[in-house]
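So this block is target24.tsv, TSV, C-alpha atoms and all ligand atoms:
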chain	number	residue	atom	x	y	z
V	16	MET	CA	13.71	-16.89	24.67
V	17	ARG	CA	14.35	-17.39	21.00
V	18	SER	CA	12.68	-20.52	19.67
V	19	PRO	CA	14.61	-23.06	17.56
V	20	ILE	CA	13.01	-21.72	14.37
V	21	GLN	CA	13.97	-18.15	15.29
V	22	GLN	CA	17.55	-19.27	16.02
V	23	LEU	CA	17.68	-21.06	12.68
V	24	ALA	CA	16.39	-17.90	10.99
V	25	ASP	CA	19.26	-15.96	12.56
V	26	SER	CA	21.73	-18.16	10.69
V	27	VAL	CA	20.00	-18.75	7.34
V	28	ILE	CA	17.83	-15.71	6.53
V	29	CYS	CA	19.32	-12.47	5.20
V	30	ASN	CA	19.32	-10.04	8.06
V	31	THR	CA	17.19	-7.32	6.39
V	32	TYR	CA	14.31	-7.02	8.88
V	33	VAL	CA	13.91	-6.16	12.53
V	34	ARG	CA	11.49	-8.90	13.53
V	35	GLU	CA	9.38	-9.32	16.64
V	36	GLU	CA	9.98	-12.56	18.55
V	37	VAL	CA	6.87	-14.33	17.39
V	38	THR	CA	6.33	-17.14	14.87
V	39	PHE	CA	2.88	-17.32	13.34
V	40	VAL	CA	1.41	-20.59	12.19
V	41	ARG	CA	-2.25	-19.85	11.49
V	42	GLY	CA	-4.69	-17.04	10.76
V	43	SER	CA	-8.42	-16.50	10.45
V	44	GLY	CA	-10.22	-13.18	9.94
V	45	CYS	CA	-8.54	-10.58	12.17
V	46	ARG	CA	-6.88	-13.24	14.32
V	47	LEU	CA	-3.50	-14.96	14.25
V	48	TRP	CA	-2.03	-17.77	16.33
V	49	ASP	CA	1.62	-18.46	17.15
V	50	GLU	CA	3.24	-21.90	17.44
V	51	LYS	CA	2.43	-22.04	21.17
V	52	GLY	CA	-1.26	-21.48	20.50
V	53	ASN	CA	-1.32	-17.86	21.72
V	54	GLU	CA	-3.97	-15.76	20.02
V	55	TYR	CA	-3.40	-12.29	18.55
V	56	ARG	CA	-5.60	-9.62	16.94
V	57	ASP	CA	-4.02	-8.26	13.82
V	58	PHE	CA	-4.09	-4.49	13.18
V	59	VAL	CA	-1.27	-4.72	10.65
V	60	ALA	CA	-2.72	-7.23	8.15
V	61	GLY	CA	0.67	-7.80	6.51
V	62	ILE	CA	0.89	-3.99	6.13
V	63	ALA	CA	-2.40	-3.39	4.32
V	64	VAL	CA	-2.23	-6.71	2.46
V	65	CYS	CA	-4.83	-9.08	3.93
V	66	ASN	CA	-7.71	-6.63	3.47
V	67	LEU	CA	-10.30	-9.42	3.61
V	68	GLY	CA	-8.63	-10.86	6.70
V	69	HIS	CA	-6.61	-14.04	6.97
V	70	CYS	CA	-7.69	-17.02	4.88
V	71	PRO	CA	-11.20	-15.84	3.91
V	72	GLU	CA	-13.27	-18.78	2.69
V	73	ASN	CA	-14.12	-17.36	-0.76
V	74	VAL	CA	-10.50	-16.52	-1.62
V	75	ALA	CA	-9.24	-19.84	-0.20
V	76	LYS	CA	-11.76	-21.62	-2.41
V	77	ALA	CA	-10.74	-19.62	-5.49
V	78	ILE	CA	-7.07	-20.48	-4.81
V	79	CYS	CA	-7.77	-24.21	-4.23
V	80	ASP	CA	-10.04	-24.55	-7.27
V	81	GLN	CA	-7.53	-22.80	-9.50
V	82	ALA	CA	-4.59	-24.77	-8.03
V	83	ARG	CA	-6.29	-27.95	-9.22
V	84	LYS	CA	-7.07	-26.51	-12.66
V	85	LEU	CA	-4.06	-24.52	-13.86
V	86	VAL	CA	-1.35	-22.77	-11.83
V	87	HIS	CA	0.91	-21.31	-14.47
V	88	VAL	CA	1.55	-20.98	-18.15
V	89	SER	CA	3.73	-18.41	-19.85
V	90	ASN	CA	2.42	-15.02	-20.92
V	91	LEU	CA	3.08	-16.35	-24.42
V	92	TYR	CA	-0.50	-17.66	-24.04
V	93	TYR	CA	-3.87	-16.43	-22.75
V	94	THR	CA	-5.53	-17.52	-19.51
V	95	GLU	CA	-9.05	-16.74	-18.34
V	96	PRO	CA	-8.42	-15.46	-14.78
V	97	GLN	CA	-5.83	-12.91	-15.94
V	98	VAL	CA	-8.05	-11.45	-18.65
V	99	GLU	CA	-11.14	-11.40	-16.43
V	100	LEU	CA	-9.18	-9.65	-13.70
V	101	ALA	CA	-7.89	-7.01	-16.11
V	102	ALA	CA	-11.43	-6.43	-17.39
V	103	GLU	CA	-12.68	-6.07	-13.81
V	104	LEU	CA	-9.98	-3.50	-12.94
V	105	VAL	CA	-10.61	-1.58	-16.16
V	106	LYS	CA	-14.37	-1.55	-15.53
V	107	ARG	CA	-13.87	-0.17	-12.04
V	108	SER	CA	-11.16	2.44	-12.71
V	109	PHE	CA	-10.04	5.30	-14.99
V	110	ALA	CA	-7.77	2.86	-16.85
V	111	ASP	CA	-8.08	1.07	-20.19
V	112	ARG	CA	-5.22	-1.42	-19.89
V	113	VAL	CA	-3.40	-3.39	-17.21
V	114	PHE	CA	0.10	-4.84	-16.95
V	115	PHE	CA	0.51	-7.53	-14.27
V	116	CYS	CA	3.60	-8.15	-12.17
V	117	ASN	CA	4.36	-9.47	-8.69
V	118	SER	CA	4.93	-6.60	-6.28
V	119	GLY	CA	4.56	-2.90	-5.64
V	120	ALA	CA	8.12	-2.17	-6.63
V	121	GLU	CA	7.64	-3.98	-9.93
V	122	ALA	CA	4.41	-2.12	-10.60
V	123	ASN	CA	6.24	1.17	-10.03
V	124	GLU	CA	9.13	0.02	-12.24
V	125	ALA	CA	6.60	-0.59	-14.99
V	126	ALA	CA	5.08	2.86	-14.42
V	127	ILE	CA	8.46	4.58	-14.57
V	128	LYS	CA	9.44	2.67	-17.73
V	129	LEU	CA	6.12	3.48	-19.37
V	130	ALA	CA	6.41	7.19	-18.47
V	131	ARG	CA	9.89	7.35	-20.02
V	132	LYS	CA	8.82	5.47	-23.13
V	133	TYR	CA	5.66	7.54	-23.62
V	134	SER	CA	7.58	10.77	-23.27
V	135	ARG	CA	10.29	9.63	-25.69
V	136	ASP	CA	7.69	8.48	-28.24
V	137	ARG	CA	5.86	11.82	-28.00
V	138	PHE	CA	8.54	14.42	-27.35
V	139	GLY	CA	11.86	12.76	-28.23
V	140	PRO	CA	14.79	11.79	-25.97
V	141	GLY	CA	16.05	13.71	-22.92
V	142	ARG	CA	12.70	14.10	-21.21
V	143	PHE	CA	12.88	11.40	-18.55
V	144	HIS	CA	12.86	13.05	-15.12
V	145	VAL	CA	10.17	12.02	-12.64
V	146	ILE	CA	9.28	14.35	-9.79
V	147	THR	CA	8.55	12.43	-6.58
V	148	MET	CA	7.90	13.54	-3.01
V	149	LYS	CA	10.06	13.74	0.08
V	150	ASN	CA	9.13	11.02	2.57
V	151	SER	CA	7.58	8.94	-0.20
V	152	PHE	CA	7.99	5.21	-0.55
V	153	HIS	CA	7.91	3.43	-3.91
V	154	GLY	CA	9.86	0.21	-3.37
V	155	ARG	CA	13.33	-1.31	-3.02
V	156	THR	CA	14.49	-2.08	-6.55
V	157	LEU	CA	17.15	0.29	-7.85
V	158	ALA	CA	14.76	2.49	-9.81
V	159	THR	CA	12.05	2.54	-7.15
V	160	LEU	CA	14.45	3.17	-4.27
V	161	SER	CA	15.80	6.02	-6.37
V	162	ALA	CA	12.22	7.26	-6.78
V	163	THR	CA	11.74	7.04	-3.02
V	164	GLY	CA	12.33	10.40	-1.34
V	165	GLN	CA	14.06	9.06	1.78
V	166	GLU	CA	17.83	9.14	2.31
V	167	LYS	CA	17.80	6.11	4.60
V	168	VAL	CA	16.47	4.01	1.69
V	169	HIS	CA	19.23	5.27	-0.68
V	170	LYS	CA	22.13	4.88	1.72
V	171	GLY	CA	24.84	2.49	0.53
V	172	PHE	CA	23.29	1.84	-2.88
V	173	GLU	CA	24.58	4.89	-4.72
V	174	PRO	CA	24.90	5.73	-7.55
V	175	LEU	CA	21.12	5.97	-7.79
V	176	VAL	CA	19.19	5.59	-11.02
V	177	ASP	CA	19.31	8.95	-12.78
V	178	GLY	CA	16.29	11.16	-13.24
V	179	PHE	CA	14.44	11.55	-9.95
V	180	VAL	CA	13.78	14.91	-8.34
V	181	TYR	CA	12.32	15.15	-4.82
V	182	VAL	CA	10.08	17.94	-3.64
V	183	ASP	CA	8.03	18.65	-0.51
V	184	PHE	CA	4.83	16.63	-0.26
V	185	ASP	CA	1.57	18.59	-0.26
V	186	SER	CA	3.01	21.59	-2.11
V	187	ILE	CA	1.93	22.24	-5.69
V	188	GLU	CA	4.31	25.21	-5.82
V	189	ALA	CA	7.24	22.92	-5.04
V	190	VAL	CA	6.34	20.65	-7.96
V	191	GLU	CA	5.81	23.61	-10.27
V	192	ALA	CA	9.22	25.03	-9.36
V	193	ALA	CA	10.90	21.66	-10.05
V	194	VAL	CA	9.48	21.15	-13.56
V	195	THR	CA	12.09	21.52	-16.31
V	196	ASP	CA	12.21	20.58	-20.00
V	197	LYS	CA	13.53	17.19	-18.81
V	198	THR	CA	10.46	16.34	-16.70
V	199	CYS	CA	8.13	13.63	-17.98
V	200	ALA	CA	6.00	12.71	-14.95
V	201	VAL	CA	4.94	13.37	-11.38
V	202	MET	CA	4.63	10.34	-9.13
V	203	VAL	CA	2.79	10.54	-5.80
V	204	GLU	CA	1.05	8.45	-3.17
V	205	PRO	CA	-2.47	9.90	-2.67
V	206	ILE	CA	-1.79	9.39	1.04
V	207	GLN	CA	1.80	8.71	2.11
V	208	GLY	CA	1.93	5.34	3.84
V	209	GLU	CA	5.47	4.58	5.00
V	210	GLY	CA	5.99	8.34	5.32
V	211	GLY	CA	3.58	8.30	8.27
V	212	VAL	CA	-0.02	8.23	6.96
V	213	ARG	CA	0.28	11.79	5.66
V	214	ILE	CA	-2.94	13.05	4.15
V	215	PRO	CA	-2.44	16.00	1.78
V	216	SER	CA	-4.61	19.13	1.85
V	217	PRO	CA	-7.91	19.03	-0.05
V	218	GLY	CA	-7.29	20.04	-3.66
V	219	TYR	CA	-3.63	18.98	-3.71
V	220	LEU	CA	-4.10	16.04	-6.08
V	221	LYS	CA	-6.42	18.11	-8.25
V	222	GLY	CA	-3.81	20.85	-8.36
V	223	LEU	CA	-1.21	18.31	-9.46
V	224	ARG	CA	-3.58	17.13	-12.19
V	225	GLU	CA	-4.01	20.67	-13.52
V	226	LEU	CA	-0.27	21.31	-13.42
V	227	CYS	CA	0.42	18.04	-15.26
V	228	ASN	CA	-2.14	18.91	-17.93
V	229	GLU	CA	-0.63	22.34	-18.41
V	230	LYS	CA	2.98	21.08	-18.65
V	231	LYS	CA	2.10	17.87	-20.55
V	232	LEU	CA	3.34	15.58	-17.80
V	233	LEU	CA	2.01	12.21	-16.79
V	234	LEU	CA	0.46	11.92	-13.35
V	235	ILE	CA	1.24	8.60	-11.64
V	236	PHE	CA	-0.60	7.55	-8.48
V	237	ASP	CA	1.11	4.90	-6.37
V	238	GLU	CA	-1.93	3.23	-4.79
V	239	VAL	CA	0.02	0.17	-3.68
V	240	GLN	CA	-0.93	0.81	-0.05
V	241	VAL	CA	-4.01	3.04	-0.23
V	242	GLY	CA	-5.80	1.15	-3.02
V	243	MET	CA	-8.08	-1.89	-2.73
V	244	GLY	CA	-10.65	-0.39	-0.39
V	245	ARG	CA	-8.23	0.70	2.34
V	246	THR	CA	-9.53	4.29	2.46
V	247	GLY	CA	-13.22	3.46	1.93
V	248	SER	CA	-13.31	3.56	-1.87
V	249	LEU	CA	-11.85	0.89	-4.15
V	250	PHE	CA	-9.14	3.37	-5.14
V	251	ALA	CA	-8.17	6.37	-3.04
V	252	TYR	CA	-8.24	8.81	-6.00
V	253	GLU	CA	-12.02	8.31	-6.35
V	254	GLN	CA	-12.56	10.52	-3.29
V	255	GLU	CA	-10.59	13.40	-4.82
V	256	GLU	CA	-12.43	14.05	-8.12
V	257	VAL	CA	-9.21	13.47	-10.00
V	258	GLU	CA	-7.83	10.74	-12.23
V	259	PRO	CA	-4.21	9.78	-12.85
V	260	ASP	CA	-2.73	8.69	-16.19
V	261	ILE	CA	-1.03	5.70	-14.58
V	262	MET	CA	-1.79	3.92	-11.30
V	263	THR	CA	0.03	1.14	-9.50
V	264	LEU	CA	-1.45	-1.52	-7.24
V	265	ALA	CA	-0.04	-4.44	-5.26
V	266	LYS	CA	-0.28	-5.28	-1.54
V	267	ALA	CA	-3.97	-6.19	-1.08
V	268	LEU	CA	-4.67	-6.92	-4.75
V	269	ALA	CA	-4.70	-10.71	-4.25
V	270	ASN	CA	-5.28	-10.57	-0.46
V	271	GLY	CA	-1.84	-11.97	0.34
V	272	LEU	CA	-0.72	-13.77	-2.78
V	273	PRO	CA	2.01	-11.78	-4.50
V	274	MET	CA	0.61	-9.61	-7.27
V	275	GLY	CA	1.23	-6.15	-8.64
V	276	ALA	CA	-0.46	-4.24	-11.43
V	277	MET	CA	0.13	-1.12	-13.45
V	278	LEU	CA	-2.97	0.47	-14.95
V	279	ALA	CA	-2.96	3.14	-17.64
V	280	ARG	CA	-5.12	5.05	-20.06
V	281	GLU	CA	-5.13	3.78	-23.65
V	282	ASP	CA	-3.06	6.57	-25.22
V	283	VAL	CA	-0.38	6.12	-22.55
V	284	ALA	CA	-0.44	2.30	-22.45
V	285	SER	CA	0.01	2.18	-26.22
V	286	SER	CA	3.67	3.18	-25.75
V	287	PHE	CA	4.25	-0.37	-24.54
V	288	GLY	CA	4.40	-2.85	-27.41
V	289	PRO	CA	5.50	-6.48	-27.68
V	290	GLY	CA	8.94	-6.76	-26.07
V	291	SER	CA	8.71	-3.47	-24.12
V	292	HIS	CA	8.19	-5.11	-20.77
V	293	ALA	CA	7.51	-8.56	-19.33
V	294	SER	CA	7.20	-10.71	-16.24
V	295	THR	CA	7.35	-14.51	-16.06
V	296	PHE	CA	4.86	-14.78	-13.21
V	297	GLY	CA	2.87	-11.58	-13.87
V	298	GLY	CA	-0.87	-12.30	-13.84
V	299	THR	CA	-0.39	-16.03	-13.45
V	300	PRO	CA	-3.79	-17.80	-13.21
V	301	LEU	CA	-3.47	-18.91	-9.58
V	302	VAL	CA	-2.81	-15.42	-8.29
V	303	ALA	CA	-5.24	-13.80	-10.73
V	304	ALA	CA	-8.04	-16.08	-9.49
V	305	ALA	CA	-7.39	-14.93	-5.92
V	306	ALA	CA	-7.28	-11.30	-7.01
V	307	LEU	CA	-10.51	-11.56	-9.00
V	308	GLU	CA	-12.34	-12.83	-5.93
V	309	THR	CA	-10.70	-10.13	-3.78
V	310	VAL	CA	-11.56	-7.23	-6.12
V	311	ARG	CA	-15.18	-8.37	-6.52
V	312	THR	CA	-15.65	-8.62	-2.76
V	313	ILE	CA	-14.06	-5.29	-1.89
V	314	ALA	CA	-15.77	-3.37	-4.71
V	315	GLN	CA	-19.25	-3.95	-3.28
V	316	ARG	CA	-20.87	-0.71	-2.15
V	317	THR	CA	-21.93	-2.16	1.21
V	318	PHE	CA	-18.41	-3.42	1.88
V	319	LEU	CA	-16.83	-0.04	1.13
V	320	ASP	CA	-19.45	1.88	3.13
V	321	ARG	CA	-18.66	-0.31	6.09
V	322	VAL	CA	-14.94	0.52	5.78
V	323	LYS	CA	-15.84	4.20	6.06
V	324	THR	CA	-18.09	3.61	9.07
V	325	MET	CA	-15.53	1.49	10.90
V	326	GLY	CA	-12.77	3.98	10.03
V	327	ARG	CA	-14.75	6.84	11.57
V	328	TYR	CA	-15.52	4.74	14.63
V	329	PHE	CA	-11.84	3.83	15.07
V	330	LEU	CA	-10.71	7.45	14.60
V	331	ASP	CA	-13.24	8.73	17.17
V	332	LYS	CA	-12.06	6.20	19.72
V	333	LEU	CA	-8.41	7.11	19.16
V	334	LYS	CA	-9.27	10.82	19.43
V	335	LYS	CA	-10.61	10.13	22.94
V	336	LEU	CA	-7.22	8.60	23.81
V	337	GLU	CA	-5.52	11.66	22.32
V	338	GLN	CA	-7.34	13.86	24.83
V	339	LYS	CA	-6.22	11.63	27.69
V	340	TYR	CA	-2.48	11.44	26.99
V	341	THR	CA	-0.29	14.50	26.38
V	342	PHE	CA	2.33	12.49	24.44
V	343	VAL	CA	-0.23	11.86	21.68
V	344	LYS	CA	0.32	14.66	19.17
V	345	ASP	CA	-2.14	13.80	16.42
V	346	VAL	CA	-4.66	11.22	15.29
V	347	ARG	CA	-5.50	11.00	11.60
V	348	GLY	CA	-6.74	8.62	8.97
V	349	ARG	CA	-9.02	7.85	6.09
V	350	GLY	CA	-11.09	4.72	6.03
V	351	LEU	CA	-9.12	2.03	7.83
V	352	MET	CA	-5.74	3.62	7.23
V	353	VAL	CA	-5.26	5.20	10.60
V	354	ALA	CA	-2.33	6.71	12.49
V	355	MET	CA	-1.50	8.11	15.89
V	356	GLU	CA	1.51	10.40	16.06
V	357	LEU	CA	3.37	10.44	19.38
V	358	ASP	CA	6.19	12.56	20.72
V	359	ILE	CA	7.75	9.48	22.32
V	360	PRO	CA	9.28	6.44	20.55
V	361	GLY	CA	6.69	4.03	19.20
V	362	ALA	CA	8.74	0.81	19.30
V	363	PRO	CA	8.22	0.09	23.05
V	364	ILE	CA	4.47	0.65	22.59
V	365	VAL	CA	4.40	-1.82	19.71
V	366	LYS	CA	6.28	-4.35	21.88
V	367	SER	CA	3.93	-3.93	24.88
V	368	CYS	CA	0.90	-4.30	22.61
V	369	LEU	CA	2.35	-7.51	21.16
V	370	GLU	CA	2.81	-8.93	24.67
V	371	LYS	CA	-0.89	-8.29	25.20
V	372	GLY	CA	-1.79	-9.96	21.90
V	373	ALA	CA	-2.29	-6.87	19.73
V	374	LEU	CA	-0.35	-6.45	16.49
V	375	ILE	CA	0.25	-2.83	15.55
V	376	ASN	CA	3.01	-1.16	13.60
V	377	CYS	CA	5.17	1.95	13.86
V	378	VAL	CA	6.54	4.10	11.03
V	379	GLN	CA	8.97	7.03	11.13
V	380	GLU	CA	9.86	6.11	14.73
V	381	LYS	CA	6.99	7.92	16.44
V	382	ILE	CA	3.91	7.22	14.35
V	383	LEU	CA	1.72	4.25	15.24
V	384	ARG	CA	0.00	2.93	12.13
V	385	PHE	CA	-3.13	0.82	12.11
V	386	THR	CA	-4.12	-1.06	8.94
V	387	PRO	CA	-6.45	-3.81	10.17
V	388	PRO	CA	-8.26	-6.19	7.85
V	389	LEU	CA	-11.19	-4.23	6.38
V	390	ILE	CA	-13.58	-6.75	7.94
V	391	VAL	CA	-12.61	-5.64	11.46
V	392	GLU	CA	-15.53	-5.53	13.93
V	393	ARG	CA	-16.48	-2.77	16.38
V	394	GLU	CA	-15.71	-4.96	19.36
V	395	GLU	CA	-12.24	-5.70	18.00
V	396	ILE	CA	-11.57	-1.96	17.70
V	397	ASP	CA	-12.89	-1.48	21.27
V	398	TRP	CA	-10.57	-4.26	22.43
V	399	LEU	CA	-7.51	-2.67	20.79
V	400	VAL	CA	-8.26	0.79	22.16
V	401	GLU	CA	-8.51	-0.69	25.64
V	402	ILE	CA	-5.13	-2.41	25.20
V	403	LEU	CA	-3.62	0.88	23.99
V	404	ASP	CA	-5.13	2.72	26.96
V	405	GLY	CA	-3.50	0.21	29.32
V	406	VAL	CA	-0.11	0.46	27.58
V	407	PHE	CA	-0.28	4.27	27.52
V	408	LYS	CA	-1.06	4.36	31.24
V	409	GLU	CA	2.25	2.60	31.91
V	410	GLN	CA	4.03	5.28	29.83
V	411	ALA	CA	2.38	8.29	31.40
V	501	LIG	C1	4.68	-1.35	0.00
V	501	LIG	C2	4.76	-0.25	-0.97
V	501	LIG	C3	5.51	-0.36	-2.16
V	501	LIG	C4	6.40	-1.55	-2.44
V	501	LIG	O1	5.70	-2.72	-2.58
V	501	LIG	P1	6.50	-4.14	-2.58
V	501	LIG	O2	5.43	-5.14	-2.90
V	501	LIG	O3	7.08	-4.30	-1.21
V	501	LIG	O4	7.54	-4.04	-3.62
V	501	LIG	C5	5.45	0.67	-3.07
V	501	LIG	N1	4.69	1.76	-2.84
V	501	LIG	C6	3.97	1.91	-1.72
V	501	LIG	C7	3.13	3.13	-1.54
V	501	LIG	C8	3.98	0.91	-0.74
V	501	LIG	O5	3.29	1.08	0.39
How does this structure look as structure tokens?
Amino acid sequence: MRSPIQQLADSVICNTYVREEVTFVRGSGCRLWDEKGNEYRDFVAGIAVCNLGHCPENVAKAICDQARKLVHVSNLYYTEPQVELAAELVKRSFADRVFFCNSGAEANEAAIKLARKYSRDRFGPGRFHVITMKNSFHGRTLATLSATGQEKVHKGFEPLVDGFVYVDFDSIEAVEAAVTDKTCAVMVEPIQGEGGVRIPSPGYLKGLRELCNEKKLLLIFDEVQVGMGRTGSLFAYEQEEVEPDIMTLAKALANGLPMGAMLAREDVASSFGPGSHASTFGGTPLVAAAALETVRTIAQRTFLDRVKTMGRYFLDKLKKLEQKYTFVKDVRGRGLMVAMELDIPGAPIVKSCLEKGALINCVQEKILRFTPPLIVEREEIDWLVEILDGVFKEQA
């Protein structure tokens, strides 16, 4: 039965999503409630967005305090939260400078523009190609959908933005073979998210770094999904002994308020000058205040260690399910970015879980993806695995 609000949505909202038949009205920690008062446990977290859970007290307070002080002024002026946030991100990363925007796609747009500009400044025109990976996901604006190595994302929007070349993920040879005198950068997700939680071989990112150094290319990490503590370090690249030249963040950066950021090393960032790029809302004080609280909470050693511990616990539990059901092909993950690959469609599993009050997600048709709030408890993981066990039993 579709509720009145769902029926209204059918007539007034652009039909761009396949939505489950549930309307949420409230959230707290790992839990959500619908308009009928039914309770759910959330293992999606807005797709790796609410990393501190729903409505955490410290972020709520930061938002409320800032909302009463100053919500927005133009980037023609300075504001404290924006500058403090940038300083915090710089202190905790490879980067020297930050550009703020409002989404992952915008952060990647900024990265692509900066890579083109840097290359033009240094080497002259004509060197603007960016090598990206098959099965990648970088956003839905024209440039970022063009950067995305998935035909289903391109379809109907051709002609694409010129200058993107797609190669196999997890193959340094494929990147090397694709480099020409037109290439300016390599853009990659340290772990592919929408592509199905694909973790590259050890040494892959390091190999890309060496190749980029040798060919004088910029290395761009899209950490929109894997950043902000998701994998057990503040940024995923920290676990790989490698640093990018440019990195993009969004999703969990402000724990649910819309914010994106592009971070870069000084010599790269200096290709942007006044007038090069801009965003009306980028780094607005309300959102920056939420992000500052979020970054400071997640960056704590004890918090990140706990993500690793819970991730291992979750993975072990899912591996036990893998042994029990032949249609489970693989279980993989890092930190609390976890996936279970099936050889049956995932959508009916997602639906059955929802009926039992568990929110999970499916990518690439057969891959269940789990991105719970990073504050998830052992007993909540136990609860989900039991639900999955029950749903799997009905399938077997
Ligand atoms: C979600 C995502 C994006 C796009 O972010 P939006 O905020 O939806 O524009 C880009 N890159 C990756 C890796 C993502 O997961």
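Minimum distance to Phe115 of chain V across V:Ala75, V:Val86, V:Ala279, V:Val194 (counting all atoms listed in the file) occurs at V:Ala279.
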Handout entry: Expected answer as number ranges by chain: residues within 9 Å of ligand LIG 501 (chain V), all atoms listed in the file
Key = V: 62-63, 117-123, 151-156, 159, 163, 203-209, 237-241, 263-266, 273-275
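Rounded to one decimal, atom CA of Glu409 of chain V and atom CA of Arg349 of chain V lie 28.7 Å from each other.
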Taking (-3.3, -7.6, 14.1) in the file's coordinates, which residues come within 10 Å, counting all atoms listed in the file, written as a PDB file with C-alpha atoms, keeping the file's coordinate frame?
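Output file selection-v6.pdb follows:
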ATOM      1  CA  GLY V  44     -10.220 -13.180   9.940  1.00  0.00           C
ATOM      2  CA  CYS V  45      -8.540 -10.580  12.170  1.00  0.00           C
ATOM      3  CA  ARG V  46      -6.880 -13.240  14.320  1.00  0.00           C
ATOM      4  CA  LEU V  47      -3.500 -14.960  14.250  1.00  0.00           C
ATOM      5  CA  TYR V  55      -3.400 -12.290  18.550  1.00  0.00           C
ATOM      6  CA  ARG V  56      -5.600  -9.620  16.940  1.00  0.00           C
ATOM      7  CA  ASP V  57      -4.020  -8.260  13.820  1.00  0.00           C
ATOM      8  CA  PHE V  58      -4.090  -4.490  13.180  1.00  0.00           C
ATOM      9  CA  VAL V  59      -1.270  -4.720  10.650  1.00  0.00           C
ATOM     10  CA  ALA V  60      -2.720  -7.230   8.150  1.00  0.00           C
ATOM     11  CA  GLY V  61       0.670  -7.800   6.510  1.00  0.00           C
ATOM     12  CA  ILE V  62       0.890  -3.990   6.130  1.00  0.00           C
ATOM     13  CA  GLY V  68      -8.630 -10.860   6.700  1.00  0.00           C
ATOM     14  CA  LEU V 369       2.350  -7.510  21.160  1.00  0.00           C
ATOM     15  CA  GLY V 372      -1.790  -9.960  21.900  1.00  0.00           C
ATOM     16  CA  ALA V 373      -2.290  -6.870  19.730  1.00  0.00           C
ATOM     17  CA  LEU V 374      -0.350  -6.450  16.490  1.00  0.00           C
ATOM     18  CA  ILE V 375       0.250  -2.830  15.550  1.00  0.00           C
ATOM     19  CA  ASN V 376       3.010  -1.160  13.600  1.00  0.00           C
ATOM     20  CA  PHE V 385      -3.130   0.820  12.110  1.00  0.00           C
ATOM     21  CA  THR V 386      -4.120  -1.060   8.940  1.00  0.00           C
ATOM     22  CA  PRO V 387      -6.450  -3.810  10.170  1.00  0.00           C
ATOM     23  CA  PRO V 388      -8.260  -6.190   7.850  1.00  0.00           C
ATOM     24  CA  VAL V 391     -12.610  -5.640  11.460  1.00  0.00           C
ATOM     25  CA  GLU V 395     -12.240  -5.700  18.000  1.00  0.00           C
ATOM     26  CA  LEU V 399      -7.510  -2.670  20.790  1.00  0.00           C
TER      27      LEU V 399
END
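Put simply, atom CA of Glu256 of chain V is 24.6 Å away from atom CA of Ala193 of chain V.
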Exercise for the section: State, in Å with one decimal place, the distance from atom CA of Pro360 of chain V to atom CA of Cys65 of chain V. Expected result: 26.8 Å
Problem - Long-range neighbours of segment 126-138 of chain V as a list of chain:residue names, 9 Å cut-off, only C-alpha atoms, 6 positions minimum in chain - result: V:His144, V:Val145, V:Ala158, V:Thr159, V:Cys199, V:Ala200, V:Met202, V:Leu232, V:Leu233, V:Ile235, V:Ile261, V:Met262, V:Thr263, V:Met277, V:Leu278, V:Ala279, V:Asp282, V:Val283, V:Ala284, V:Ser285, V:Ser286, V:Phe287, V:Ser291, V:His292
Handout entry: Nearest candidate to Val37 of chain V (options V:Asp331, V:Glu370, V:Glu392, V:Asp404; using only C-alpha atoms)
Key = V:Glu370
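Within the 9 Å cut-off around segment 170-181 of chain V, using all atoms listed in the file and omitting residues fewer than 2 positions from it on the same chain, the listed residues are V:Phe143, V:His144, V:Val145, V:Ile146, V:Thr147, V:Met148, V:Lys149, V:Leu157, V:Ala158, V:Thr159, V:Leu160, V:Ser161, V:Ala162, V:Thr163, V:Gly164, V:Glu166, V:Lys167, V:Val168, V:Asp183, V:Phe184, V:Val190, V:Ala193, V:Lys197, V:Thr198.
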Identify, on the basis of only C-alpha atoms, every residue whose closest approach to Gln410 of chain V does not exceed 12 Å; exclude the query and any residue fewer than 5 positions from it along the same chain; express the result as a short mmCIF file (atom, residue, chain, number, x, y, z; two decimals) with C-alpha atoms, in the frame of the given file.
data_model
loop_
_atom_site.label_atom_id
_atom_site.label_comp_id
_atom_site.auth_asym_id
_atom_site.auth_seq_id
_atom_site.Cartn_x
_atom_site.Cartn_y
_atom_site.Cartn_z
CA TYR V 340 -2.48 11.44 26.99
CA THR V 341 -0.29 14.50 26.38
CA PHE V 342 2.33 12.49 24.44
CA VAL V 343 -0.23 11.86 21.68
CA LEU V 357 3.37 10.44 19.38
CA ASP V 358 6.19 12.56 20.72
CA ILE V 359 7.75 9.48 22.32
CA PRO V 360 9.28 6.44 20.55
CA GLY V 361 6.69 4.03 19.20
CA PRO V 363 8.22 0.09 23.05
CA ILE V 364 4.47 0.65 22.59
CA SER V 367 3.93 -3.93 24.88
CA LEU V 403 -3.62 0.88 23.99
CA ASP V 404 -5.13 2.72 26.96
CA GLY V 405 -3.50 0.21 29.32
#
Fill in the blank from the handout: From the list V:Ala24, V:Asp397, V:Glu54, V:Gly242, the nearest residue to Lys371 of chain V using all atoms listed in the file is V:Glu54
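Nearest-residue note for Tyr252 of chain V: choosing from V:Leu268, V:Leu220, V:Ala411, V:Cys227, the minimum distance belongs to V:Leu220, counting all atoms listed in the file.
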Exercise for the section: List every protein, DNA or RNA residue that has at least one atom no more than 12 Å from (-4.1, 19.2, 3.2) in the file's coordinates, counting all atoms listed in the file, and write the result as an MDAnalysis selection string. Expected result: chainID V and resid 184:187 205:206 213:222 255 347
Handout entry: Nearest to Gly211 of chain V by atom-to-atom distance, counting all atoms listed in the file, from V:Arg17, V:Lys323, V:Lys381, V:Arg41
Key = V:Lys381
